[in-house]
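*Asks:* My file is upload_5.txt. It has compact mmCIF, C-alpha atoms:
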```
# COMPACT_ATOMS: atom_id res chain seq x y z
CA ASP A 1 70.48 5.65 -10.67
CA GLY A 2 72.03 3.38 -13.30
CA ILE A 3 75.66 2.59 -14.05
CA GLY A 4 77.97 3.53 -16.89
CA LEU A 5 79.71 1.08 -19.21
CA ASP A 6 83.12 2.26 -17.97
CA GLU A 7 82.19 1.30 -14.39
CA LEU A 8 80.88 -2.17 -15.17
CA PRO A 9 84.09 -4.12 -15.96
CA SER A 10 85.48 -3.72 -12.43
CA ALA A 11 82.05 -4.32 -10.87
CA VAL A 12 81.34 -7.47 -12.86
CA GLY A 13 84.89 -8.72 -13.34
CA SER A 14 84.66 -9.12 -17.09
CA ALA A 15 86.01 -7.47 -20.24
CA LYS A 16 84.36 -4.30 -21.44
CA SER A 17 83.66 -5.77 -24.89
CA THR A 18 81.96 -8.82 -23.35
CA ILE A 19 79.81 -6.63 -21.12
CA HIS A 20 78.87 -4.39 -24.03
CA ASN A 21 77.67 -7.39 -26.07
CA ALA A 22 75.70 -8.73 -23.12
CA LEU A 23 74.05 -5.36 -22.54
CA ALA A 24 73.05 -5.21 -26.19
CA SER A 25 71.24 -8.53 -25.79
CA LEU A 26 69.59 -7.38 -22.57
CA LYS A 27 68.39 -4.20 -24.26
CA ARG A 28 66.87 -6.15 -27.16
CA SER A 29 64.98 -8.28 -24.63
CA GLY A 30 63.74 -5.27 -22.66
CA LEU A 31 65.69 -6.36 -19.60
CA ALA A 32 67.94 -3.27 -19.68
CA GLU A 33 67.72 0.24 -21.05
CA GLN A 34 69.81 3.41 -21.24
CA ASP A 35 68.95 6.86 -19.98
CA SER A 36 69.86 10.18 -21.61
CA ARG A 37 73.33 10.07 -20.01
CA GLY A 38 74.07 6.64 -21.43
CA SER A 39 73.83 4.90 -18.04
CA TYR A 40 72.30 1.44 -18.00
CA LEU A 41 69.16 0.76 -15.95
CA LEU A 42 66.92 -2.22 -15.32
CA GLY A 43 64.43 -2.44 -18.16
CA ASP A 44 60.64 -2.52 -17.94
CA GLU A 45 60.53 -6.20 -18.88
CA PHE A 46 62.89 -7.06 -16.02
CA LEU A 47 60.72 -5.12 -13.58
CA ARG A 48 57.54 -6.71 -14.95
CA LEU A 49 58.91 -10.22 -14.43
CA ALA A 50 60.28 -9.35 -10.99
CA PHE A 51 57.00 -7.92 -9.73
CA ILE A 52 54.94 -10.77 -11.17
CA HIS A 53 57.22 -13.26 -9.43
CA HIS A 54 56.96 -11.33 -6.17
CA GLU A 55 53.18 -10.88 -6.26
CA LEU A 56 52.57 -14.56 -7.02
CA ARG A 57 54.19 -15.66 -3.77
CA PRO A 58 51.17 -16.65 -1.63
CA ASP A 59 52.90 -15.98 1.68
CA HIS A 60 53.62 -12.38 0.70
CA VAL A 61 49.97 -11.79 -0.20
CA ARG A 62 48.61 -13.44 2.95
CA VAL A 63 50.84 -11.72 5.49
CA ARG A 64 50.56 -8.17 4.16
CA PRO A 65 47.34 -7.19 6.03
CA VAL A 66 48.78 -8.53 9.28
CA LEU A 67 52.02 -6.56 8.80
CA GLU A 68 50.01 -3.40 8.17
CA GLU A 69 47.95 -3.96 11.32
CA LEU A 70 51.07 -4.56 13.41
CA ALA A 71 52.82 -1.48 12.01
CA GLN A 72 49.82 0.68 12.80
CA ARG A 73 49.25 -0.85 16.24
CA PHE A 74 52.84 -0.63 17.52
CA GLY A 75 54.21 2.22 15.40
CA GLU A 76 57.33 0.35 14.28
CA THR A 77 58.61 -1.37 11.12
CA VAL A 78 57.41 -4.95 10.61
CA HIS A 79 58.99 -7.64 8.40
CA TYR A 80 58.09 -11.07 7.08
CA ALA A 81 61.13 -13.20 6.26
CA VAL A 82 61.99 -16.76 5.26
CA LEU A 83 65.09 -18.86 5.83
CA SER A 84 67.39 -19.50 2.88
CA ASP A 85 70.46 -21.55 3.75
CA ARG A 86 72.46 -19.38 6.18
CA SER A 87 70.50 -16.18 5.52
CA VAL A 88 67.04 -14.74 5.86
CA ILE A 89 65.31 -13.13 2.92
CA TYR A 90 62.79 -10.37 3.55
CA ARG A 91 59.62 -11.10 1.59
CA SER A 92 57.65 -8.12 2.87
CA LYS A 93 58.23 -4.95 4.88
CA VAL A 94 55.75 -2.39 6.21
CA ASP A 95 56.66 0.90 7.85
CA PRO A 96 54.26 2.58 10.28
CA PRO A 97 51.97 5.25 8.82
CA VAL A 98 53.62 7.99 10.89
CA GLY A 99 56.93 8.45 12.69
CA ALA A 100 58.84 5.89 10.62
CA VAL A 101 62.62 5.86 10.80
CA GLN A 102 64.12 4.21 7.72
CA LEU A 103 65.78 0.87 8.47
CA THR A 104 68.40 -0.64 6.17
CA SER A 105 66.31 -3.73 5.32
CA VAL A 106 64.68 -4.00 1.89
CA VAL A 107 62.26 -6.48 0.34
CA GLY A 108 64.37 -9.16 -1.34
CA GLY A 109 67.36 -8.26 0.81
CA ARG A 110 69.29 -10.70 2.97
CA ASN A 111 70.78 -10.71 6.44
CA PRO A 112 72.69 -13.45 8.29
CA ALA A 113 70.36 -15.83 10.12
CA TYR A 114 72.50 -16.17 13.26
CA CYS A 115 72.20 -12.52 14.32
CA THR A 116 68.61 -11.61 13.41
CA ALA A 117 65.46 -12.34 15.39
CA VAL A 118 63.70 -13.90 12.39
CA GLY A 119 66.79 -15.94 11.51
CA LYS A 120 67.36 -17.33 14.98
CA LEU A 121 63.66 -18.12 15.31
CA LEU A 122 63.65 -20.14 12.08
CA LEU A 123 66.99 -21.79 12.90
CA SER A 124 65.50 -23.00 16.20
CA TYR A 125 63.10 -25.13 14.14
CA SER A 126 65.47 -26.27 11.38
CA LEU A 127 68.25 -27.08 13.89
CA PRO A 128 66.41 -29.11 16.56
CA ASP A 129 69.30 -29.75 18.97
CA ASP A 130 72.81 -28.66 19.94
CA ARG A 131 74.47 -31.18 17.64
CA ALA A 132 72.59 -29.82 14.64
CA VAL A 133 73.56 -26.28 15.62
CA ARG A 134 77.25 -27.18 15.93
CA ASP A 135 77.17 -28.98 12.58
CA TRP A 136 75.53 -25.91 11.01
CA VAL A 137 78.18 -23.57 12.41
CA GLY A 138 80.99 -25.99 11.55
CA GLU A 139 84.19 -24.17 10.68
CA VAL A 140 82.37 -21.13 9.33
CA GLU A 141 83.16 -17.83 11.04
CA LEU A 142 80.22 -15.92 12.50
CA PRO A 143 81.32 -12.28 12.03
CA ARG A 144 80.66 -9.85 14.87
CA ARG A 145 78.35 -7.22 13.37
CA THR A 146 77.88 -5.36 16.68
CA GLU A 147 79.15 -5.72 20.24
CA GLN A 148 76.05 -7.82 20.98
CA THR A 149 76.43 -10.38 18.17
CA LEU A 150 76.64 -14.05 19.13
CA THR A 151 79.72 -15.44 17.40
CA SER A 152 80.28 -18.94 18.80
CA ALA A 153 78.51 -22.28 18.49
CA ASP A 154 78.12 -22.43 22.29
CA GLU A 155 76.35 -19.06 22.38
CA LEU A 156 74.10 -20.00 19.48
CA CYS A 157 73.21 -23.35 21.08
CA GLU A 158 72.16 -21.60 24.28
CA GLU A 159 70.18 -18.96 22.40
CA LEU A 160 68.28 -21.41 20.18
CA SER A 161 67.48 -23.61 23.18
CA LEU A 162 65.93 -20.59 24.91
CA ILE A 163 63.93 -19.73 21.78
CA ARG A 164 62.52 -23.28 21.58
CA ARG A 165 61.34 -23.00 25.21
CA GLN A 166 59.80 -19.54 25.02
CA GLY A 167 58.38 -19.68 21.48
CA TYR A 168 59.74 -16.35 20.23
CA SER A 169 63.10 -14.78 19.44
CA VAL A 170 64.75 -11.42 20.04
CA ASP A 171 67.51 -9.41 18.40
CA ASP A 172 69.13 -7.29 21.10
CA GLN A 173 71.02 -4.96 18.75
CA GLU A 174 72.87 -8.00 17.38
CA ASN A 175 72.56 -7.25 13.67
CA GLU A 176 72.38 -3.47 13.68
CA ALA A 177 73.38 -1.17 16.54
CA GLY A 178 70.42 0.71 17.93
CA VAL A 179 67.76 -1.65 16.53
CA ASN A 180 65.85 -4.22 18.61
CA CYS A 181 63.50 -6.89 17.23
CA VAL A 182 61.14 -9.56 18.47
CA ALA A 183 60.10 -12.35 16.08
CA LEU A 184 57.35 -14.97 16.08
CA PRO A 185 56.80 -17.92 13.74
CA VAL A 186 54.08 -18.09 11.09
CA PHE A 187 52.62 -21.48 10.17
CA LEU A 188 50.90 -20.87 6.84
CA THR A 189 51.10 -24.41 5.47
CA SER A 190 52.04 -26.72 8.35
CA PRO A 191 51.29 -26.90 12.08
CA THR A 192 54.87 -27.94 12.84
CA VAL A 193 57.14 -26.25 10.29
CA PRO A 194 57.01 -22.44 10.07
CA SER A 195 56.72 -20.99 6.59
CA GLY A 196 58.51 -17.89 7.84
CA ALA A 197 58.64 -15.43 10.71
CA ILE A 198 57.28 -11.96 11.43
CA SER A 199 59.39 -9.45 13.32
CA ASP A 200 58.49 -6.16 14.98
CA SER A 201 61.54 -3.88 14.98
CA GLY A 202 62.11 -0.84 17.14
CA LEU A 203 64.83 1.74 17.64
CA SER A 204 66.31 1.00 21.05
CA TYR A 205 66.14 4.61 22.27
CA ARG A 206 62.42 4.78 21.45
CA THR A 207 61.22 1.21 21.90
CA PRO A 208 63.40 -0.77 24.33
CA LEU A 209 63.61 -4.52 23.86
CA ALA A 210 61.63 -5.06 27.07
CA THR A 211 58.71 -3.15 25.53
CA LEU A 212 58.72 -5.44 22.49
CA VAL A 213 58.88 -8.55 24.69
CA ASP A 214 55.95 -7.25 26.76
CA ALA A 215 53.97 -7.05 23.49
CA VAL A 216 54.66 -10.66 22.41
CA GLU A 217 51.20 -11.98 23.29
CA ALA A 218 49.49 -9.01 21.61
CA ILE A 219 51.59 -9.56 18.49
CA ALA A 220 50.78 -13.28 18.57
CA ALA A 221 47.06 -12.52 18.78
CA ILE A 222 47.26 -10.44 15.59
CA ILE A 223 49.34 -13.07 13.79
CA GLY A 224 47.15 -15.92 15.06
CA PRO A 225 44.55 -16.02 12.25
CA LEU A 226 47.37 -16.59 9.73
CA SER A 227 48.67 -19.72 11.38
CA SER A 228 47.53 -23.31 11.21
CA ARG A 229 48.39 -23.85 14.88
CA THR A 230 48.11 -22.09 18.22
CA SER A 231 51.35 -21.26 20.04
CA SER A 232 51.98 -20.33 23.64
CA TYR A 233 54.71 -17.95 24.76
CA ILE A 234 56.61 -17.76 28.02
CA ARG A 235 58.97 -15.21 29.47
CA PRO A 236 62.65 -16.25 29.74
```
Translate the structure described by the file into structure tokens.

*Replies:*
Amino acid sequence: DGIGLDELPSAVGSAKSTIHNALASLKRSGLAEQDSRGSYLLGDEFLRLAFIHHELRPDHVRVRPVLEELAQRFGETVHYAVLSDRSVIYRSKVDPPVGAVQLTSVVGGRNPAYCTAVGKLLLSYSLPDDRAVRDWVGEVELPRRTEQTLTSADELCEELSLIRRQGYSVDDQENEAGVNCVALPVFLTSPTVPSGAISDSGLSYRTPLATLVDAVEAIAAIIGPLSSRTSSYIRP
């Protein structure tokens, strides 16, 4: 909806005159514009560059048909995400054609890796043992986002060890109350290092976690043609 010049100094933490000069430069470049109320919006040139950058990502293009098939097959929201330091970034999101309930995730958005199914799945590969997990946690606090969130190095070690054995990950309302997820790796470029992970998310009252876990092999079969390796999945 845009933002007014009077609101920007506190949001950006800079002087109003400095912000005004910067906005003038952004407007000349087409990266910002003003509406009839004087509010500043992202300009067409910014959007053009953003969408070109997004569309040129090969993983986004390759996974989209699979996400659409999964969303239609299971009737829930499906994501593709990659690991970025301590977070996951959602590269693609597909809602089911009917009955969708809006989740808070957005393409380009981030969530902590330690409390999401996609994040824990990818961490299980990048952190191969308990020592690596403890070094990764270090002195950093793992905030409790829900009553189910794992917040200690010991809990995360146990969880990632389980994920390595079974080949998939779950989010049992750990990131968002009322939302369950199951995630599987995608090997687009390497048979050993996942390029990202795909998650099937469901509202707990409508799609219990056990239902998602029961569908792991069916989900894997749909994802299979994307990957450069074949994975096997076991029940915990």

*Asks:* From the list A:Ala132, A:Leu123, A:Ile3, A:Ala221, which residue is nearest Ser84 of chain A when using only C-alpha atoms?

*Replies:* A:Leu123

*Asks:* So which one's closest to Arg206 of chain A, A:Gln166, A:Asn180, A:Ser39, A:Thr189? Using only C-alpha atoms, please.

*Replies:*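 Checking each candidate against Arg206 of chain A, we get A:Asn180 as the closest.
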
*Asks:* Choose the residue, out of A:Gly43, A:Pro9, A:Pro58, A:Pro185, that has the smallest atom-to-atom separation from Gly30 of chain A; count only C-alpha atoms.

*Replies:* A:Gly43

*Asks:* Box for segment 79-82 of chain A: with edges along x, y and z, all listed atoms inside and 6 Å added on each side, what are the centre and edge lengths in Å to one decimal, as lines of an AutoDock Vina configuration file?

*Replies:*
```
center_x = 60.0
center_y = -12.2
center_z = 6.8
size_x = 15.9
size_y = 21.1
size_z = 15.1
```

*Asks:* So how far away is atom CA of Glu139 of chain A from atom CA of Leu184 of chain A, in Å?

*Replies:*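 If I compute the distance from atom CA of Leu184 of chain A to atom CA of Glu139 of chain A, I get 28.9 Å.
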
*Asks:* Which is closer to Pro191 of chain A than all the others in A:Ser25, A:Thr207, A:Ser227, A:Thr146, using all atoms listed in the file?

*Replies:* A:Ser227

*Asks:* Which residues are close to Gly202 of chain A, i.e. within 10 Å by all atoms listed in the file, leaving aside same-chain residues fewer than 3 positions away? Reply as a PyMOL selection string.

*Replies:* chain A and resi 74-78+100-101+103+173+178-182+199+205-209+211-212

*Asks:* Go ahead and compute the interatomic distance for atom CA of Phe187 of chain A and atom CA of His53 of chain A, in Å to one decimal.

*Replies:*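 Value for the atom CA of Phe187 of chain A-atom CA of His53 of chain A distance: 21.7 Å.
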
*Asks:* Closest to Ala24 of chain A among A:Phe51, A:Glu141, A:Leu5, A:Asp135, using only C-alpha atoms?

*Replies:*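 Among the listed residues, the smallest separation from Ala24 of chain A belongs to A:Leu5.
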
*Asks:* So which residues touch Pro112 of chain A within 9 Å, counting all atoms listed in the file, skipping near sequence neighbours fewer than 2 positions away, as a ChimeraX atom specification?

*Replies:* /A:86-88,110,114-116,119,142,175

*Asks:* Quick one, how far is atom CA of Ser17 of chain A from atom CA of Asp35 of chain A?

*Replies:*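 Pair atom CA of Ser17 of chain A / atom CA of Asp35 of chain A returns 20.0 Å.
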
*Asks:* Find, counting all atoms listed in the file, the residue in A:Leu127, A:Leu42, A:Leu160, A:Ala11 that gets nearest to Leu23 of chain A.

*Replies:*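 So, comparing all the options, the nearest one is A:Leu42.
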
*Asks:* What lies within 12 Å of Val61 of chain A using all atoms listed in the file, ignoring chain neighbours under 6 positions off, as a list of chain:residue names?

*Replies:*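 Near Val61 of chain A, the qualifying residues are A:His53, A:His54, A:Glu55, A:Leu67, A:Glu68, A:Tyr80, A:Arg91, A:Ser92, A:Lys93, A:Leu188, A:Leu226.
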